[in-house]
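Visitor: File name coords.cif; file contents mmCIF, C-alpha atoms; full text below.
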data_query
loop_
_atom_site.label_atom_id
_atom_site.label_comp_id
_atom_site.auth_asym_id
_atom_site.auth_seq_id
_atom_site.Cartn_x
_atom_site.Cartn_y
_atom_site.Cartn_z
CA MET A 1 116.32 27.27 91.13
CA PRO A 2 115.30 30.81 90.10
CA SER A 3 117.95 33.50 90.49
CA LYS A 4 117.61 36.61 92.66
CA GLU A 5 117.19 38.70 89.52
CA SER A 6 114.20 36.63 88.32
CA TRP A 7 112.55 36.93 91.77
CA SER A 8 113.10 40.67 91.66
CA GLY A 9 111.61 40.81 88.17
CA ARG A 10 108.52 38.88 89.30
CA LYS A 11 108.02 41.25 92.25
CA THR A 12 108.26 44.24 89.93
CA ASN A 13 105.71 42.70 87.54
CA ARG A 14 103.32 41.89 90.40
CA ALA A 15 103.60 45.49 91.70
CA ALA A 16 102.90 46.83 88.20
CA VAL A 17 99.88 44.53 87.79
CA HIS A 18 98.56 45.55 91.27
CA LYS A 19 99.02 49.25 90.43
CA SER A 20 97.26 48.75 87.09
CA LYS A 21 94.32 47.04 88.82
CA GLN A 22 94.08 49.90 91.36
CA GLU A 23 94.03 52.51 88.59
CA GLY A 24 91.42 50.43 86.75
CA ARG A 25 89.22 50.35 89.86
CA GLN A 26 89.62 54.15 90.31
CA GLN A 27 88.65 54.71 86.68
CA ASP A 28 85.61 52.45 87.04
CA LEU A 29 84.55 54.30 90.21
CA LEU A 30 84.76 57.69 88.47
CA ILE A 31 82.88 56.37 85.44
CA ALA A 32 80.18 54.95 87.73
CA ALA A 33 80.01 58.25 89.64
CA LEU A 34 79.47 60.09 86.38
CA GLY A 35 76.67 57.69 85.52
CA MET A 36 78.38 56.01 82.53
CA LYS A 37 78.61 52.29 81.79
CA LEU A 38 81.34 50.90 79.56
CA GLY A 39 81.58 47.40 78.22
CA SER A 40 85.26 46.77 77.74
CA GLN A 41 88.50 47.72 79.49
CA LYS A 42 89.75 49.20 76.22
CA SER A 43 86.79 51.60 76.09
CA SER A 44 87.46 52.58 79.70
CA VAL A 45 91.08 53.48 78.95
CA THR A 46 90.10 55.39 75.80
CA ILE A 47 87.59 57.56 77.60
CA TRP A 48 89.57 58.04 80.82
CA GLN A 49 91.51 61.16 79.71
CA PRO A 50 88.45 63.11 78.45
CA LEU A 51 86.63 62.19 81.68
CA LYS A 52 89.46 63.60 83.76
CA LEU A 53 89.30 66.85 81.79
CA PHE A 54 85.51 66.95 82.16
CA ALA A 55 85.68 66.37 85.93
CA TYR A 56 88.39 69.06 86.27
CA SER A 57 86.33 71.59 84.30
CA GLN A 58 83.25 70.89 86.46
CA LEU A 59 85.29 71.35 89.64
CA THR A 60 86.78 74.62 88.32
CA SER A 61 83.30 75.86 87.45
CA LEU A 62 82.02 75.09 90.97
CA VAL A 63 84.97 76.93 92.55
CA ARG A 64 84.42 79.93 90.26
CA ARG A 65 80.72 80.05 91.13
CA ALA A 66 81.49 79.84 94.85
CA THR A 67 84.05 82.68 94.52
CA LEU A 68 81.57 84.87 92.66
CA LYS A 69 78.90 84.17 95.26
CA GLU A 70 81.36 85.07 98.01
CA ASN A 71 82.24 88.35 96.24
CA GLU A 72 78.55 89.28 96.05
CA GLN A 73 78.22 89.13 99.84
CA ILE A 74 78.00 92.34 101.87
CA PRO A 75 81.55 93.48 102.73
CA LYS A 76 82.50 93.93 106.39
CA TYR A 77 83.11 97.66 106.69
CA GLU A 78 85.07 98.84 109.72
CA LYS A 79 83.45 101.68 111.66
CA VAL A 80 84.58 103.76 114.64
CA HIS A 81 82.15 104.39 117.48
CA ASN A 82 80.36 107.74 117.62
CA PHE A 83 80.84 108.44 121.34
CA LYS A 84 79.03 111.33 123.05
CA VAL A 85 79.26 112.38 126.72
CA HIS A 86 76.23 110.94 128.48
CA THR A 87 74.51 111.18 131.87
CA PHE A 88 73.19 107.77 132.90
CA ARG A 89 70.16 107.33 135.14
CA GLY A 90 70.65 104.76 137.85
CA PRO A 91 73.70 102.49 138.31
CA HIS A 92 75.69 101.67 135.16
CA TRP A 93 78.75 99.57 134.43
CA CYS A 94 81.31 100.10 131.64
CA GLU A 95 80.75 97.60 128.83
CA TYR A 96 84.50 97.55 128.09
CA CYS A 97 86.20 97.14 131.50
CA ALA A 98 83.08 96.01 133.45
CA ASN A 99 83.79 98.49 136.28
CA PHE A 100 81.18 100.77 137.87
CA MET A 101 80.62 104.21 136.29
CA TRP A 102 80.85 106.64 139.21
CA GLY A 103 79.29 110.09 139.44
CA LEU A 104 75.94 111.82 139.22
CA ILE A 105 76.32 113.48 135.79
CA ALA A 106 78.44 112.77 132.71
CA GLN A 107 79.62 109.43 134.13
CA GLY A 108 80.81 108.18 130.75
CA VAL A 109 80.18 108.17 127.01
CA LYS A 110 77.56 106.44 124.86
CA CYS A 111 77.85 105.52 121.15
CA ALA A 112 75.08 107.38 119.33
CA ASP A 113 74.98 104.68 116.64
CA CYS A 114 75.08 101.37 118.53
CA GLY A 115 74.37 102.39 122.13
CA LEU A 116 77.65 101.10 123.65
CA ASN A 117 78.24 102.57 127.17
CA VAL A 118 81.86 102.96 128.38
CA HIS A 119 84.10 105.14 130.55
CA LYS A 120 85.54 108.14 128.72
CA GLN A 121 89.08 106.75 129.19
CA CYS A 122 87.97 103.30 127.99
CA SER A 123 86.53 104.78 124.77
CA LYS A 124 90.09 105.29 123.47
CA MET A 125 90.76 101.54 123.70
CA VAL A 126 87.48 100.22 122.24
CA PRO A 127 88.10 98.56 118.82
CA ASN A 128 86.50 99.97 115.66
CA ASP A 129 83.70 97.42 115.65
CA CYS A 130 80.60 99.63 115.89
CA LYS A 131 77.47 97.83 114.68
CA PRO A 132 74.87 100.59 114.23
CA ASP A 133 71.35 99.77 115.40
CA LEU A 134 68.37 101.04 113.41
CA LYS A 135 66.71 102.22 116.63
CA HIS A 136 69.61 104.67 117.02
CA VAL A 137 70.05 105.48 113.29
CA LYS A 138 66.76 107.20 112.54
CA LYS A 139 67.67 109.15 109.40
CA VAL A 140 68.95 108.38 105.90
CA TYR A 141 69.92 111.86 104.77
CA SER A 142 72.60 113.67 106.83
CA CYS A 143 73.69 110.30 108.28
CA ASP A 144 77.32 109.17 108.08
CA LEU A 145 77.64 106.93 105.01
CA THR A 146 79.41 104.01 106.71
CA THR A 147 76.96 104.16 109.62
CA LEU A 148 74.02 103.97 107.22
CA VAL A 149 75.26 100.97 105.21
CA LYS A 150 76.23 99.06 108.37
CA ALA A 151 72.87 99.76 109.99
CA HIS A 152 70.95 98.55 106.92
CA ILE A 153 73.49 95.80 106.06
CA THR A 154 73.98 96.97 102.46
CA LYS A 155 77.01 97.58 100.22
CA ARG A 156 75.90 101.13 99.39
CA PRO A 157 73.31 103.62 100.69
CA MET A 158 69.84 102.64 99.45
CA VAL A 159 69.31 106.22 98.21
CA VAL A 160 72.18 105.80 95.74
CA ASP A 161 71.06 102.37 94.50
CA MET A 162 67.36 103.25 94.19
CA CYS A 163 67.84 106.65 92.55
CA ILE A 164 70.37 105.35 90.03
CA ARG A 165 68.12 102.43 89.10
CA GLU A 166 65.20 104.82 88.57
CA ILE A 167 67.30 107.24 86.51
CA GLU A 168 68.73 104.50 84.29
CA SER A 169 65.30 102.96 83.72
CA ARG A 170 63.71 106.13 82.35
CA GLY A 171 66.01 109.12 82.30
CA LEU A 172 69.28 108.51 80.44
CA ASN A 173 68.05 110.37 77.36
CA SER A 174 66.68 113.33 79.30
CA GLU A 175 68.30 116.57 78.10
CA GLY A 176 70.45 118.23 80.76
CA LEU A 177 70.33 115.21 83.09
CA TYR A 178 71.78 116.24 86.49
CA ARG A 179 72.32 119.81 85.21
CA VAL A 180 68.62 120.75 85.16
CA SER A 181 67.19 121.27 88.65
CA GLY A 182 63.93 119.70 89.80
CA PHE A 183 61.26 121.42 91.89
CA SER A 184 62.88 121.90 95.33
CA ASP A 185 59.71 121.14 97.34
CA LEU A 186 59.33 117.76 95.63
CA ILE A 187 63.02 116.99 96.16
CA GLU A 188 62.43 117.61 99.87
CA ASP A 189 59.46 115.20 99.65
CA VAL A 190 61.78 112.48 98.32
CA LYS A 191 64.23 113.20 101.14
CA MET A 192 61.48 112.86 103.76
CA ALA A 193 60.22 109.66 102.11
CA PHE A 194 63.67 108.05 102.45
CA ASP A 195 64.06 109.28 106.05
CA ARG A 196 60.61 107.92 106.92
CA ASP A 197 60.35 104.72 104.84
CA GLY A 198 63.95 103.82 103.95
CA GLU A 199 64.16 101.26 101.15
CA LYS A 200 60.34 101.16 100.96
CA ALA A 201 60.23 104.78 99.71
CA ASP A 202 58.26 105.11 96.45
CA ILE A 203 60.20 107.14 93.87
CA SER A 204 58.55 105.61 90.81
CA VAL A 205 57.21 107.54 87.81
CA ASN A 206 53.73 107.33 89.36
CA MET A 207 54.92 109.49 92.28
CA TYR A 208 57.51 111.70 90.56
CA GLU A 209 57.11 111.99 86.81
CA ASP A 210 59.95 114.52 86.42
CA ILE A 211 63.26 112.63 86.47
CA ASN A 212 65.03 115.83 87.57
CA ILE A 213 63.41 115.40 90.99
CA ILE A 214 65.17 112.05 91.39
CA THR A 215 68.53 113.43 90.19
CA GLY A 216 68.06 116.37 92.58
CA ALA A 217 67.36 114.00 95.48
CA LEU A 218 70.53 112.04 94.71
CA LYS A 219 72.67 115.19 94.56
CA LEU A 220 71.10 116.43 97.79
CA TYR A 221 72.00 113.15 99.52
CA PHE A 222 75.69 113.65 98.68
CA ARG A 223 75.60 117.33 99.68
CA ASP A 224 74.03 116.46 103.05
CA LEU A 225 76.67 113.89 104.03
CA PRO A 226 78.45 115.00 107.24
CA ILE A 227 81.66 113.57 105.78
CA PRO A 228 81.77 114.06 101.97
CA LEU A 229 81.92 111.05 99.64
CA ILE A 230 85.52 112.09 98.86
CA THR A 231 86.53 112.55 102.48
CA TYR A 232 88.42 115.46 104.02
CA ASP A 233 91.44 113.18 104.67
CA ALA A 234 91.64 112.09 101.02
CA TYR A 235 90.81 115.52 99.56
CA PRO A 236 94.40 116.92 99.28
CA LYS A 237 95.60 113.84 97.36
CA PHE A 238 92.71 114.07 94.87
CA ILE A 239 93.40 117.79 94.29
CA GLU A 240 97.10 116.99 93.87
CA SER A 241 96.27 114.46 91.13
CA ALA A 242 94.26 117.07 89.21
CA LYS A 243 97.27 119.42 89.14
CA ILE A 244 99.63 116.85 87.58
CA MET A 245 100.24 117.31 83.84
CA ASP A 246 101.64 113.87 82.96
CA PRO A 247 98.66 111.54 82.24
CA ASP A 248 100.29 108.36 83.57
CA GLU A 249 101.53 110.00 86.76
CA GLN A 250 98.12 111.66 87.16
CA LEU A 251 96.29 108.31 87.05
CA GLU A 252 98.80 106.76 89.44
CA THR A 253 98.27 109.55 91.98
CA LEU A 254 94.50 109.29 91.55
CA HIS A 255 94.72 105.55 92.22
CA GLU A 256 96.68 106.23 95.41
CA ALA A 257 94.06 108.80 96.46
CA LEU A 258 91.28 106.21 96.09
CA LYS A 259 93.10 103.95 98.57
CA LEU A 260 92.70 106.66 101.23
CA LEU A 261 88.90 106.44 101.11
CA PRO A 262 86.98 104.30 103.63
CA PRO A 263 85.74 101.09 101.93
CA ALA A 264 82.06 102.12 101.95
CA HIS A 265 82.92 105.50 100.40
CA CYS A 266 85.12 103.89 97.74
CA GLU A 267 82.42 101.34 96.79
CA THR A 268 79.77 104.07 96.53
CA LEU A 269 82.08 106.26 94.43
CA ARG A 270 82.83 103.31 92.12
CA TYR A 271 79.13 102.62 91.62
CA LEU A 272 78.36 106.30 90.98
CA MET A 273 81.20 106.73 88.46
CA ALA A 274 80.10 103.62 86.55
CA HIS A 275 76.61 105.16 86.36
CA LEU A 276 77.92 108.55 85.20
CA LYS A 277 80.00 106.77 82.55
CA ARG A 278 76.77 105.23 81.23
CA VAL A 279 75.19 108.69 81.25
CA THR A 280 77.98 109.95 78.94
CA LEU A 281 77.21 107.12 76.48
CA HIS A 282 73.91 108.94 75.81
CA GLU A 283 75.59 112.32 75.34
CA LYS A 284 73.96 112.92 71.95
CA GLU A 285 70.54 112.87 73.61
CA ASN A 286 71.21 114.24 77.12
CA LEU A 287 74.08 116.62 76.17
CA MET A 288 75.98 115.59 79.31
CA SER A 289 79.67 114.92 78.71
CA ALA A 290 82.17 113.87 81.40
CA GLU A 291 83.26 117.51 81.60
CA ASN A 292 79.69 118.74 82.17
CA LEU A 293 79.08 116.08 84.81
CA GLY A 294 82.36 117.10 86.49
CA ILE A 295 81.07 120.66 86.78
CA VAL A 296 77.87 119.39 88.46
CA PHE A 297 79.39 116.73 90.74
CA GLY A 298 82.76 118.29 91.64
CA PRO A 299 81.45 120.52 94.47
CA THR A 300 78.79 117.90 95.33
CA LEU A 301 81.22 115.08 96.08
CA MET A 302 84.17 117.13 97.35
CA ARG A 303 84.35 119.81 100.05
CA SER A 304 87.56 121.56 100.97
CA PRO A 305 88.72 121.02 104.56
CA GLU A 306 90.16 124.56 104.39
CA LEU A 307 88.16 127.25 106.13
CA ASP A 308 89.69 129.90 103.86
CA ALA A 309 86.97 130.86 101.36
CA MET A 310 89.45 131.95 98.66
CA ALA A 311 91.39 128.65 98.84
CA ALA A 312 88.14 126.68 98.58
CA LEU A 313 87.06 128.81 95.60
CA ASN A 314 90.36 128.16 93.80
CA ASP A 315 89.86 124.40 94.24
CA ILE A 316 86.56 124.31 92.31
CA ARG A 317 88.24 123.87 88.91
CA TYR A 318 90.32 120.99 90.28
CA GLN A 319 87.25 119.37 91.84
CA ARG A 320 85.60 119.42 88.41
CA LEU A 321 88.68 117.87 86.82
CA VAL A 322 88.89 115.10 89.48
CA VAL A 323 85.34 113.95 88.78
CA GLU A 324 85.90 114.18 85.01
CA LEU A 325 89.01 111.99 85.32
CA LEU A 326 87.17 109.47 87.52
CA ILE A 327 84.36 109.16 84.96
CA LYS A 328 86.65 108.82 81.92
CA ASN A 329 88.95 106.29 83.61
CA GLU A 330 86.33 104.45 85.67
CA ASP A 331 87.21 101.08 84.11
CA ILE A 332 90.92 101.50 84.94
CA LEU A 333 90.77 103.06 88.39
CA PHE A 334 88.18 100.81 90.06
#
Go through the file and emit its structure as structure tokens.
Guide:
Amino acid sequence: MPSKESWSGRKTNRAAVHKSKQEGRQQDLLIAALGMKLGSQKSSVTIWQPLKLFAYSQLTSLVRRATLKENEQIPKYEKVHNFKVHTFRGPHWCEYCANFMWGLIAQGVKCADCGLNVHKQCSKMVPNDCKPDLKHVKKVYSCDLTTLVKAHITKRPMVVDMCIREIESRGLNSEGLYRVSGFSDLIEDVKMAFDRDGEKADISVNMYEDINIITGALKLYFRDLPIPLITYDAYPKFIESAKIMDPDEQLETLHEALKLLPPAHCETLRYLMAHLKRVTLHEKENLMSAENLGIVFGPTLMRSPELDAMAALNDIRYQRLVVELLIKNEDILF
């Protein structure tokens, strides 16, 4: 009669054989799924490890592609409502608390960008979820940057993208690029074209042969922003970074300053600095170094929140240095 040990050994062997058969079936299924036919079990075992590596690499590639595709999607920028006191005609109810809005005049407030109607007291509790409507946002120039990109569902203002594409396609070697001014009347024409036609505006060489008109229109867009690209809230930190002598500490402070910018402003600044870095690569032809571009763009991108004229004047040299540092260290900071 077989001993307990021999029975135990047989059970172990049977379990091992069953496990081996299961693995064999799994291998065969994967091989079949990959469209390969193998004659012998030995061949299947030999090719199993490379197939696992191949399948893993394909899966990794798919995940990477999906991640990249997700990163290319339009980011969800947060935006506060632009409430203005409003007199409503006829009966109106608050869209936040659903209660009646009493009174004959100035019964509540209305968002100038999305049209939301609420009580004045309710406006303080409304979340920052404004979704600007194009029927309310009728301009491109002089429009809040975040409002514009949310209304048009873009990562950056179309003026910035379209002008930079046009400049890089035919103007990088133009002497004095951004320093030389274009004809002001034609720059105003470009502004009106964007305000009227948006992304359908024609700024091609057929319409404006002089590239300085396009650079002028881009600079004008930044000058006309109600809130500068480098916002009033972030301004002191950027100026502070320019005053620091230690290079490492300077970059660290500049990096902290960038975190203070609203996401749409930061993305637009990143895109602009990458472009200006490419402009400096053609310095031999266009004579525009990072320092020269800093002189041009410093006062264009930054405006002092101080009302004191002397204080604002003293900041000009630091504004220039901030832009110069952003251009030179674009690949590190963004």
Visitor: Determine, for each residue of segment 230-271 of chain A having at least one atom at most 9 Å from an atom of segment 325-332 of chain A, the closest pair of atoms and their separation in Å to one decimal, counting all atoms listed in the file; order by chain and ascending number, as CSV.
Guide:
residue,atom,partner,partner_atom,distance
A:Ala242,CA,A:Leu325,CA,8.3
A:Leu251,CA,A:Leu325,CA,8.3
A:Leu254,CA,A:Leu326,CA,8.4
A:Arg270,CA,A:Glu330,CA,7.4
Visitor: Selected by the PyMOL selection byres ((chain A and resi 275-291) around 7) in the shown coordinates: which residues, as a PyMOL selection string?
Guide: chain A and resi 172-177+271-274+292-295+324+327-328
Visitor: Once the PyMOL selection byres ((chain A and resi 213-226) around 10) has been evaluated on this model, what residues remain selected, and can you format them as a ChimeraX atom specification?
Guide: /A:140-145,157,159-164,166-167,171,177-191,194,203-205,208-212,227-231,296-297,299-303
Visitor: For a test of reading the model, state the distance in Å between atom CA of Lys237 of chain A and atom CA of Thr253 of chain A, rounded to one decimal.
Guide: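 Going from atom CA of Lys237 of chain A over to atom CA of Thr253 of chain A, I get 7.4 Å.
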Visitor: Could you work out how far atom CA of Tyr96 of chain A lies from atom CA of Met125 of chain A, giving the answer in Å with one decimal?
Guide: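 Going from atom CA of Met125 of chain A over to atom CA of Tyr96 of chain A, I get 8.6 Å.
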Visitor: Could you state the separation of atom CA of Pro263 of chain A and atom CA of Glu78 of chain A in Å, given to one decimal place?
Guide: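 One can read the atom CA of Pro263 of chain A to atom CA of Glu78 of chain A distance as 8.1 Å.
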Visitor: Taking into account all atoms listed in the file, which residue in the set A:Thr146, A:Asn206, A:Asn117, A:Thr87 is nearest to Gly103 of chain A?
Guide: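 Going through A:Thr146, A:Asn206, A:Asn117, A:Thr87 one by one, the smallest distance to Gly103 of chain A is for A:Thr87.
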Visitor: Could you pull the residues within 9 Å of Asp133 of chain A, counting only C-alpha atoms, minus those fewer than 6 positions along the same chain, as a list in words?
Guide: Asp113, Cys114, Gly115, Lys150, Ala151 and His152 of chain A
Visitor: Quick one: residues within 12 Å of segment 243-247 of chain A, all atoms listed in the file, excluding same-chain residues fewer than 2 positions away - as a PDB file with C-alpha atoms, in the frame of the given file?
Guide:
ATOM      1  CA  PRO A 236      94.400 116.920  99.280  1.00  0.00           C
ATOM      2  CA  LYS A 237      95.600 113.840  97.360  1.00  0.00           C
ATOM      3  CA  PHE A 238      92.710 114.070  94.870  1.00  0.00           C
ATOM      4  CA  ILE A 239      93.400 117.790  94.290  1.00  0.00           C
ATOM      5  CA  GLU A 240      97.100 116.990  93.870  1.00  0.00           C
ATOM      6  CA  SER A 241      96.270 114.460  91.130  1.00  0.00           C
ATOM      7  CA  GLU A 249     101.530 110.000  86.760  1.00  0.00           C
ATOM      8  CA  GLN A 250      98.120 111.660  87.160  1.00  0.00           C
ATOM      9  CA  LEU A 251      96.290 108.310  87.050  1.00  0.00           C
ATOM     10  CA  GLU A 252      98.800 106.760  89.440  1.00  0.00           C
ATOM     11  CA  THR A 253      98.270 109.550  91.980  1.00  0.00           C
ATOM     12  CA  LEU A 254      94.500 109.290  91.550  1.00  0.00           C
ATOM     13  CA  ASP A 315      89.860 124.400  94.240  1.00  0.00           C
ATOM     14  CA  ARG A 317      88.240 123.870  88.910  1.00  0.00           C
ATOM     15  CA  TYR A 318      90.320 120.990  90.280  1.00  0.00           C
ATOM     16  CA  GLN A 319      87.250 119.370  91.840  1.00  0.00           C
ATOM     17  CA  ARG A 320      85.600 119.420  88.410  1.00  0.00           C
ATOM     18  CA  LEU A 321      88.680 117.870  86.820  1.00  0.00           C
ATOM     19  CA  VAL A 322      88.890 115.100  89.480  1.00  0.00           C
ATOM     20  CA  LEU A 325      89.010 111.990  85.320  1.00  0.00           C
ATOM     21  CA  ASN A 329      88.950 106.290  83.610  1.00  0.00           C
TER      22      ASN A 329
END
Visitor: I need the residue nearest Lys139 of chain A from this list: A:Glu168, A:Glu95, A:Glu199, A:Glu256. Use only C-alpha atoms for the distance.
Guide: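 The shortest atom-to-atom distance to Lys139 of chain A comes from A:Glu199.
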Visitor: Could you give me, as an MDAnalysis selection string, the residues within 10 Å of Ser123 of chain A, counting all atoms listed in the file and dropping anything in the same chain fewer than 5 positions from it?
Guide: chainID A and resid 81:83 94 96 108:111 116:118
Visitor: For Gln107 of chain A, please output as a PyMOL selection string all residues within 7 Å (counting all atoms listed in the file; exclusion window: fewer than 3 positions along the same chain).
Guide: chain A and resi 86-88+101-104
Visitor: I need every residue sitting at most 9 Å from the point (81.7, 101.0, 108.6) (coordinates as in the file, only C-alpha atoms considered), written as a list in words.
Guide: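 Within 9 Å of (81.7, 101.0, 108.6), the protein and nucleic acid residues are Lys76, Tyr77, Glu78, Lys79, Val80, Asn128, Asp129, Cys130, Lys131, Pro132, Leu145, Thr146, Thr147, Leu148, Val149, Lys150, Pro262, Pro263 and Ala264 of chain A.
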Visitor: Keeping C-alpha atoms for every residue in the selection just given, could you write it to a file as a PDB file, in the coordinates of the input?
Guide:
ATOM      1  CA  LYS A  76      82.500  93.930 106.390  1.00  0.00           C
ATOM      2  CA  TYR A  77      83.110  97.660 106.690  1.00  0.00           C
ATOM      3  CA  GLU A  78      85.070  98.840 109.720  1.00  0.00           C
ATOM      4  CA  LYS A  79      83.450 101.680 111.660  1.00  0.00           C
ATOM      5  CA  VAL A  80      84.580 103.760 114.640  1.00  0.00           C
ATOM      6  CA  ASN A 128      86.500  99.970 115.660  1.00  0.00           C
ATOM      7  CA  ASP A 129      83.700  97.420 115.650  1.00  0.00           C
ATOM      8  CA  CYS A 130      80.600  99.630 115.890  1.00  0.00           C
ATOM      9  CA  LYS A 131      77.470  97.830 114.680  1.00  0.00           C
ATOM     10  CA  PRO A 132      74.870 100.590 114.230  1.00  0.00           C
ATOM     11  CA  LEU A 145      77.640 106.930 105.010  1.00  0.00           C
ATOM     12  CA  THR A 146      79.410 104.010 106.710  1.00  0.00           C
ATOM     13  CA  THR A 147      76.960 104.160 109.620  1.00  0.00           C
ATOM     14  CA  LEU A 148      74.020 103.970 107.220  1.00  0.00           C
ATOM     15  CA  VAL A 149      75.260 100.970 105.210  1.00  0.00           C
ATOM     16  CA  LYS A 150      76.230  99.060 108.370  1.00  0.00           C
ATOM     17  CA  PRO A 262      86.980 104.300 103.630  1.00  0.00           C
ATOM     18  CA  PRO A 263      85.740 101.090 101.930  1.00  0.00           C
ATOM     19  CA  ALA A 264      82.060 102.120 101.950  1.00  0.00           C
TER      20      ALA A 264
END
